[in-house]
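Dropping work00.pdb in here (PDB, C-alpha atoms):
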```
MODEL        1
ATOM      1  CA  MET A   1     -75.757 -18.620-156.404
ATOM      2  CA  ILE A   2     -75.467 -14.917-155.567
ATOM      3  CA  ILE A   3     -72.357 -12.750-155.937
ATOM      4  CA  ARG A   4     -72.478  -9.800-153.556
ATOM      5  CA  LYS A   5     -70.287  -7.373-151.638
ATOM      6  CA  PHE A   6     -68.714  -8.656-148.456
ATOM      7  CA  GLU A   7     -70.453  -7.688-145.205
ATOM      8  CA  ASP A   8     -69.045  -7.756-141.663
ATOM      9  CA  ARG A   9     -71.316 -10.689-140.792
ATOM     10  CA  ASP A  10     -69.412 -12.756-143.387
ATOM     11  CA  LEU A  11     -66.040 -12.594-141.584
ATOM     12  CA  ALA A  12     -66.046 -16.037-139.945
ATOM     13  CA  GLN A  13     -67.402 -17.833-143.025
ATOM     14  CA  VAL A  14     -64.984 -16.080-145.404
ATOM     15  CA  SER A  15     -62.032 -16.943-143.179
ATOM     16  CA  SER A  16     -63.212 -20.557-143.019
ATOM     17  CA  VAL A  17     -63.669 -20.871-146.810
ATOM     18  CA  CYS A  18     -60.165 -19.502-147.438
ATOM     19  CA  LEU A  19     -58.560 -21.758-144.863
ATOM     20  CA  ASN A  20     -60.450 -24.919-145.896
ATOM     21  CA  SER A  21     -59.657 -24.410-149.567
ATOM     22  CA  PHE A  22     -56.014 -23.587-148.827
ATOM     23  CA  MET A  23     -55.554 -26.632-146.595
ATOM     24  CA  LYS A  24     -56.985 -28.967-149.218
ATOM     25  CA  SER A  25     -55.404 -27.495-152.365
ATOM     26  CA  VAL A  26     -52.283 -25.539-151.447
ATOM     27  CA  ALA A  27     -50.947 -26.555-148.019
ATOM     28  CA  PRO A  28     -49.711 -30.025-149.034
ATOM     29  CA  SER A  29     -47.105 -28.344-151.269
ATOM     30  CA  LEU A  30     -45.811 -25.929-148.600
ATOM     31  CA  SER A  31     -43.639 -25.923-145.507
ATOM     32  CA  ASP A  32     -44.997 -25.402-141.993
ATOM     33  CA  VAL A  33     -43.832 -21.770-142.265
ATOM     34  CA  GLY A  34     -46.022 -21.186-145.343
ATOM     35  CA  ILE A  35     -49.015 -22.842-143.703
ATOM     36  CA  SER A  36     -48.561 -20.734-140.573
ATOM     37  CA  THR A  37     -48.261 -17.566-142.689
ATOM     38  CA  PHE A  38     -51.503 -18.340-144.490
ATOM     39  CA  HIS A  39     -53.319 -19.074-141.225
ATOM     40  CA  LYS A  40     -52.427 -15.532-140.145
ATOM     41  CA  ILE A  41     -53.415 -13.975-143.502
ATOM     42  CA  SER A  42     -56.796 -15.715-143.547
ATOM     43  CA  SER A  43     -57.714 -15.099-139.908
ATOM     44  CA  VAL A  44     -60.764 -13.043-138.970
ATOM     45  CA  ASP A  45     -58.442 -10.469-137.363
ATOM     46  CA  SER A  46     -56.407 -10.138-140.562
ATOM     47  CA  PHE A  47     -59.509  -9.711-142.714
ATOM     48  CA  THR A  48     -60.803  -7.115-140.239
ATOM     49  CA  ALA A  49     -57.528  -5.180-140.433
ATOM     50  CA  ARG A  50     -57.500  -5.294-144.244
ATOM     51  CA  LEU A  51     -60.999  -3.813-144.382
ATOM     52  CA  LYS A  52     -59.362  -0.496-143.429
ATOM     53  CA  GLU A  53     -57.188  -0.696-146.570
ATOM     54  CA  ASN A  54     -58.126   0.004-150.190
ATOM     55  CA  ILE A  55     -59.721  -3.373-150.904
ATOM     56  CA  ASP A  56     -62.920  -4.689-152.413
ATOM     57  CA  ILE A  57     -64.227  -8.093-151.380
ATOM     58  CA  LEU A  58     -66.993 -10.051-153.062
ATOM     59  CA  VAL A  59     -68.489 -13.320-151.885
ATOM     60  CA  CYS A  60     -70.428 -16.080-153.584
ATOM     61  CA  GLU A  61     -73.348 -17.128-151.445
ATOM     62  CA  GLU A  62     -75.629 -20.118-151.836
ATOM     63  CA  ASN A  63     -78.388 -20.915-149.340
ATOM     64  CA  GLU A  64     -76.880 -18.384-146.894
ATOM     65  CA  ASN A  65     -73.503 -20.139-147.014
ATOM     66  CA  ILE A  66     -70.394 -18.418-148.341
ATOM     67  CA  GLU A  67     -68.899 -20.703-151.010
ATOM     68  CA  GLY A  68     -66.269 -18.390-152.478
ATOM     69  CA  VAL A  69     -64.453 -15.104-151.931
ATOM     70  CA  ILE A  70     -62.348 -12.722-153.978
ATOM     71  CA  GLU A  71     -60.338  -9.792-152.657
ATOM     72  CA  LEU A  72     -59.052  -7.011-154.913
ATOM     73  CA  LYS A  73     -56.393  -4.702-153.492
ATOM     74  CA  ASP A  74     -55.850  -1.173-154.783
ATOM     75  CA  GLY A  75     -58.147  -1.837-157.735
ATOM     76  CA  ARG A  76     -55.475  -3.908-159.469
ATOM     77  CA  HIS A  77     -54.237  -6.941-157.487
ATOM     78  CA  ILE A  78     -56.178 -10.078-156.617
ATOM     79  CA  SER A  79     -54.931 -10.844-153.131
ATOM     80  CA  MET A  80     -57.391 -13.672-152.414
ATOM     81  CA  LEU A  81     -59.524 -15.964-154.558
ATOM     82  CA  PHE A  82     -60.777 -19.077-152.815
ATOM     83  CA  VAL A  83     -63.701 -21.397-153.430
ATOM     84  CA  SER A  84     -64.907 -24.012-150.965
ATOM     85  CA  PRO A  85     -63.587 -27.439-151.976
ATOM     86  CA  LYS A  86     -67.053 -28.860-152.701
ATOM     87  CA  HIS A  87     -67.827 -25.986-155.118
ATOM     88  CA  GLN A  88     -64.546 -25.903-157.053
ATOM     89  CA  LYS A  89     -64.601 -26.352-160.833
ATOM     90  CA  GLN A  90     -68.244 -25.254-160.976
ATOM     91  CA  GLY A  91     -67.755 -21.694-162.221
ATOM     92  CA  VAL A  92     -67.678 -19.966-158.815
ATOM     93  CA  GLY A  93     -64.129 -18.629-159.246
ATOM     94  CA  ARG A  94     -64.845 -17.455-162.791
ATOM     95  CA  SER A  95     -68.039 -15.697-161.616
ATOM     96  CA  LEU A  96     -66.217 -13.987-158.760
ATOM     97  CA  LEU A  97     -63.414 -12.869-161.080
ATOM     98  CA  SER A  98     -65.869 -11.544-163.644
ATOM     99  CA  SER A  99     -67.809  -9.662-160.958
ATOM    100  CA  ILE A 100     -64.738  -8.043-159.371
ATOM    101  CA  MET A 101     -63.730  -6.541-162.735
ATOM    102  CA  SER A 102     -66.184  -3.684-162.215
ATOM    103  CA  PHE A 103     -64.007  -2.577-159.261
ATOM    104  CA  THR A 104     -60.728  -2.492-161.197
ATOM    105  CA  THR A 105     -58.945   0.814-161.687
ATOM    106  CA  SER A 106     -56.065  -0.415-163.830
ATOM    107  CA  ASP A 107     -55.607  -1.847-167.306
ATOM    108  CA  THR A 108     -53.601  -4.717-165.793
ATOM    109  CA  ILE A 109     -54.757  -7.041-163.031
ATOM    110  CA  THR A 110     -52.072  -8.968-161.163
ATOM    111  CA  VAL A 111     -52.095 -12.007-158.905
ATOM    112  CA  SER A 112     -49.495 -13.961-156.976
ATOM    113  CA  ALA A 113     -50.991 -17.351-157.815
ATOM    114  CA  SER A 114     -50.344 -20.378-155.657
ATOM    115  CA  LEU A 115     -48.582 -23.004-157.722
ATOM    116  CA  THR A 116     -51.671 -25.230-157.579
ATOM    117  CA  SER A 117     -53.884 -22.476-159.042
ATOM    118  CA  ILE A 118     -51.759 -21.545-162.072
ATOM    119  CA  ASN A 119     -53.885 -23.564-164.508
ATOM    120  CA  ALA A 120     -57.077 -21.962-163.224
ATOM    121  CA  TYR A 121     -55.656 -18.473-163.769
ATOM    122  CA  LEU A 122     -54.389 -19.457-167.217
ATOM    123  CA  SER A 123     -57.938 -20.556-168.078
ATOM    124  CA  PHE A 124     -59.172 -17.120-166.914
ATOM    125  CA  GLY A 125     -56.813 -15.447-169.423
ATOM    126  CA  PHE A 126     -53.893 -14.579-167.141
ATOM    127  CA  VAL A 127     -50.313 -15.016-168.356
ATOM    128  CA  LEU A 128     -47.101 -15.690-166.439
ATOM    129  CA  SER A 129     -45.260 -12.476-165.559
ATOM    130  CA  GLY A 130     -42.085 -13.588-163.869
ATOM    131  CA  GLY A 131     -40.492 -16.520-162.139
ATOM    132  CA  ILE A 132     -41.771 -18.515-159.192
ATOM    133  CA  SER A 133     -41.052 -16.711-155.928
ATOM    134  CA  GLU A 134     -41.361 -17.391-152.226
ATOM    135  CA  ALA A 135     -42.182 -15.098-149.329
ATOM    136  CA  SER A 136     -42.770 -16.163-145.719
ATOM    137  CA  GLY A 137     -42.979 -19.779-146.841
ATOM    138  CA  LEU A 138     -45.643 -19.116-149.485
ATOM    139  CA  ARG A 139     -44.622 -20.109-153.025
ATOM    140  CA  PHE A 140     -46.303 -18.230-155.860
ATOM    141  CA  GLN A 141     -46.263 -17.497-159.563
ATOM    142  CA  PRO A 142     -46.684 -13.829-160.566
ATOM    143  CA  MET A 143     -49.359 -13.529-163.255
ATOM    144  CA  LYS A 144     -51.200 -10.723-164.980
ATOM    145  CA  LEU A 145     -54.301 -10.096-167.047
ATOM    146  CA  GLU A 146     -54.413  -7.229-169.541
ATOM    147  CA  LEU A 147     -57.845  -5.608-169.711
ATOM    148  CA  ASN A 148     -59.430  -3.792-172.601
ATOM    149  CA  LYS A 149     -60.887  -0.811-170.787
ATOM    150  CA  GLY A 150     -61.487   1.131-173.960
TER
ENDMDL
END
```
Show me, as structure tokens, the structure contained in the file I just sent.
Amino acid sequence: MIIRKFEDRDLAQVSSVCLNSFMKSVAPSLSDVGISTFHKISSVDSFTARLKENIDILVCEENENIEGVIELKDGRHISMLFVSPKHQKQGVGRSLLSSIMSFTTSDTITVSASLTSINAYLSFGFVLSGGISEASGLRFQPMKLELNKG
């Protein structure tokens, strides 16, 4: 298992990992509007557009297959963290999170966690930081992780 920076050649696989994981773990709890919103967010075109923004993306690769992805926006917000269903609960998410920390520029990392991923984020040390919200059909729990950058 290798954690490395995202490359343009990864676009299709990264989009597929996000969508497959979402459809298995998150979509069953959402409306058609939320599912449609996520399809747009995880599309190759959307990833391509976000590459022009202030984001860092790391992937977990095994045998030339992308098995996980993490996206950090503005050095402080995890906007994506998905692991392929067959590799979940094997440390991929934890490894990606640990690796992205070197790109942080803030003492607090935030995430809008899907309701099905709250326990995973709690196990990573995040705490709840507000009430459950919904935007464009996506339901999420704001969470944060305080870093010791000293």
Taking the file as shown, what set of residues would the PyMOL selection byres ((chain A and resi 6) around 8) give back, as a PyMOL selection string?
-> chain A and resi 4-5+7-8+10+57-59
Quick one: apply the PyMOL selection byres ((chain A and resi 91-108) around 6) to the file and drop the selected residues here as a VMD selection string.
-> chain A and resid 75 to 76 89 to 90 109 145 to 147
Which residues of range 65-119 of chain A have any atom within 10 Å of an atom in range 47-55 of chain A when counting only C-alpha atoms, and what is the closest pair of atoms for each, with the distance in Å to one decimal? Order the rows by chain and rising number and write it as CSV.
```
residue,atom,partner,partner_atom,distance
A:Glu71,CA,A:Ile55,CA,6.7
A:Leu72,CA,A:Ile55,CA,5.5
A:Lys73,CA,A:Ile55,CA,4.4
A:Asp74,CA,A:Asn54,CA,5.3
A:Gly75,CA,A:Ile55,CA,7.2
A:Arg76,CA,A:Ile55,CA,9.6
A:His77,CA,A:Ile55,CA,9.3
A:Ile78,CA,A:Ile55,CA,9.5
A:Ser79,CA,A:Ile55,CA,9.1
A:Phe103,CA,A:Ile55,CA,9.4
```
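Counting only C-alpha atoms, the residue from A:Val33, A:Ser123, A:Glu134, A:Gly68 that sits nearest to Lys86 in chain A is A:Gly68.
The coordinates place CA of Met143 in chain A at 9.4 Å from CA of Gly131 in chain A.
Reported to one decimal place, the separation of CA of Arg139 in chain A from CA of Lys24 in chain A is 15.7 Å.
For the set A:Ser21, A:Ser117, A:Gln13, A:Ser43, the residue with the smallest atom-to-atom gap to Ile66 in chain A is A:Gln13, counting all atoms listed in the file.
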Which one is closest to Ala113 in chain A: A:Ile3, A:Cys60, A:Val26, A:Val69? Count only C-alpha atoms.
-> A:Val26
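CA of Val111 in chain A sits 17.1 Å away from CA of Ser25 in chain A.
Excluding Ile35 in chain A itself and same-chain residues fewer than 3 positions from it, the residues having an atom within 12 Å of it are A:Leu19, A:Asn20, A:Phe22, A:Met23, A:Lys24, A:Ser25, A:Val26, A:Ala27, A:Pro28, A:Ser29, A:Leu30, A:Ser31, A:Asp32, A:Phe38, A:His39, A:Lys40, A:Ile41, A:Ser42, A:Ala135, A:Ser136, A:Gly137, A:Leu138, A:Arg139, counting all atoms listed in the file.
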Could you save those same residues with C-alpha atoms as an mmCIF file, in the coordinates of the input?
```cif
data_model
loop_
_atom_site.group_PDB
_atom_site.id
_atom_site.type_symbol
_atom_site.label_atom_id
_atom_site.label_comp_id
_atom_site.auth_asym_id
_atom_site.auth_seq_id
_atom_site.Cartn_x
_atom_site.Cartn_y
_atom_site.Cartn_z
ATOM 1 C CA LEU A 19 -58.560 -21.758 -144.863
ATOM 2 C CA ASN A 20 -60.450 -24.919 -145.896
ATOM 3 C CA PHE A 22 -56.014 -23.587 -148.827
ATOM 4 C CA MET A 23 -55.554 -26.632 -146.595
ATOM 5 C CA LYS A 24 -56.985 -28.967 -149.218
ATOM 6 C CA SER A 25 -55.404 -27.495 -152.365
ATOM 7 C CA VAL A 26 -52.283 -25.539 -151.447
ATOM 8 C CA ALA A 27 -50.947 -26.555 -148.019
ATOM 9 C CA PRO A 28 -49.711 -30.025 -149.034
ATOM 10 C CA SER A 29 -47.105 -28.344 -151.269
ATOM 11 C CA LEU A 30 -45.811 -25.929 -148.600
ATOM 12 C CA SER A 31 -43.639 -25.923 -145.507
ATOM 13 C CA ASP A 32 -44.997 -25.402 -141.993
ATOM 14 C CA PHE A 38 -51.503 -18.340 -144.490
ATOM 15 C CA HIS A 39 -53.319 -19.074 -141.225
ATOM 16 C CA LYS A 40 -52.427 -15.532 -140.145
ATOM 17 C CA ILE A 41 -53.415 -13.975 -143.502
ATOM 18 C CA SER A 42 -56.796 -15.715 -143.547
ATOM 19 C CA ALA A 135 -42.182 -15.098 -149.329
ATOM 20 C CA SER A 136 -42.770 -16.163 -145.719
ATOM 21 C CA GLY A 137 -42.979 -19.779 -146.841
ATOM 22 C CA LEU A 138 -45.643 -19.116 -149.485
ATOM 23 C CA ARG A 139 -44.622 -20.109 -153.025
#
```
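For the set A:Asn63, A:Leu11, A:Lys144, A:Met80, the residue with the smallest atom-to-atom gap to Leu122 in chain A is A:Lys144, counting all atoms listed in the file.
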Compare A:Ser36, A:Val83, A:Val44, A:Phe140 by their minimum atom-to-atom distance to Ala12 in chain A, counting all atoms listed in the file, and give me the closest one.
-> A:Val44
For Ser129 in chain A, the nearest of the candidates A:Asn148, A:Thr110, A:Gln88, A:Thr116, counting only C-alpha atoms | A:Thr110
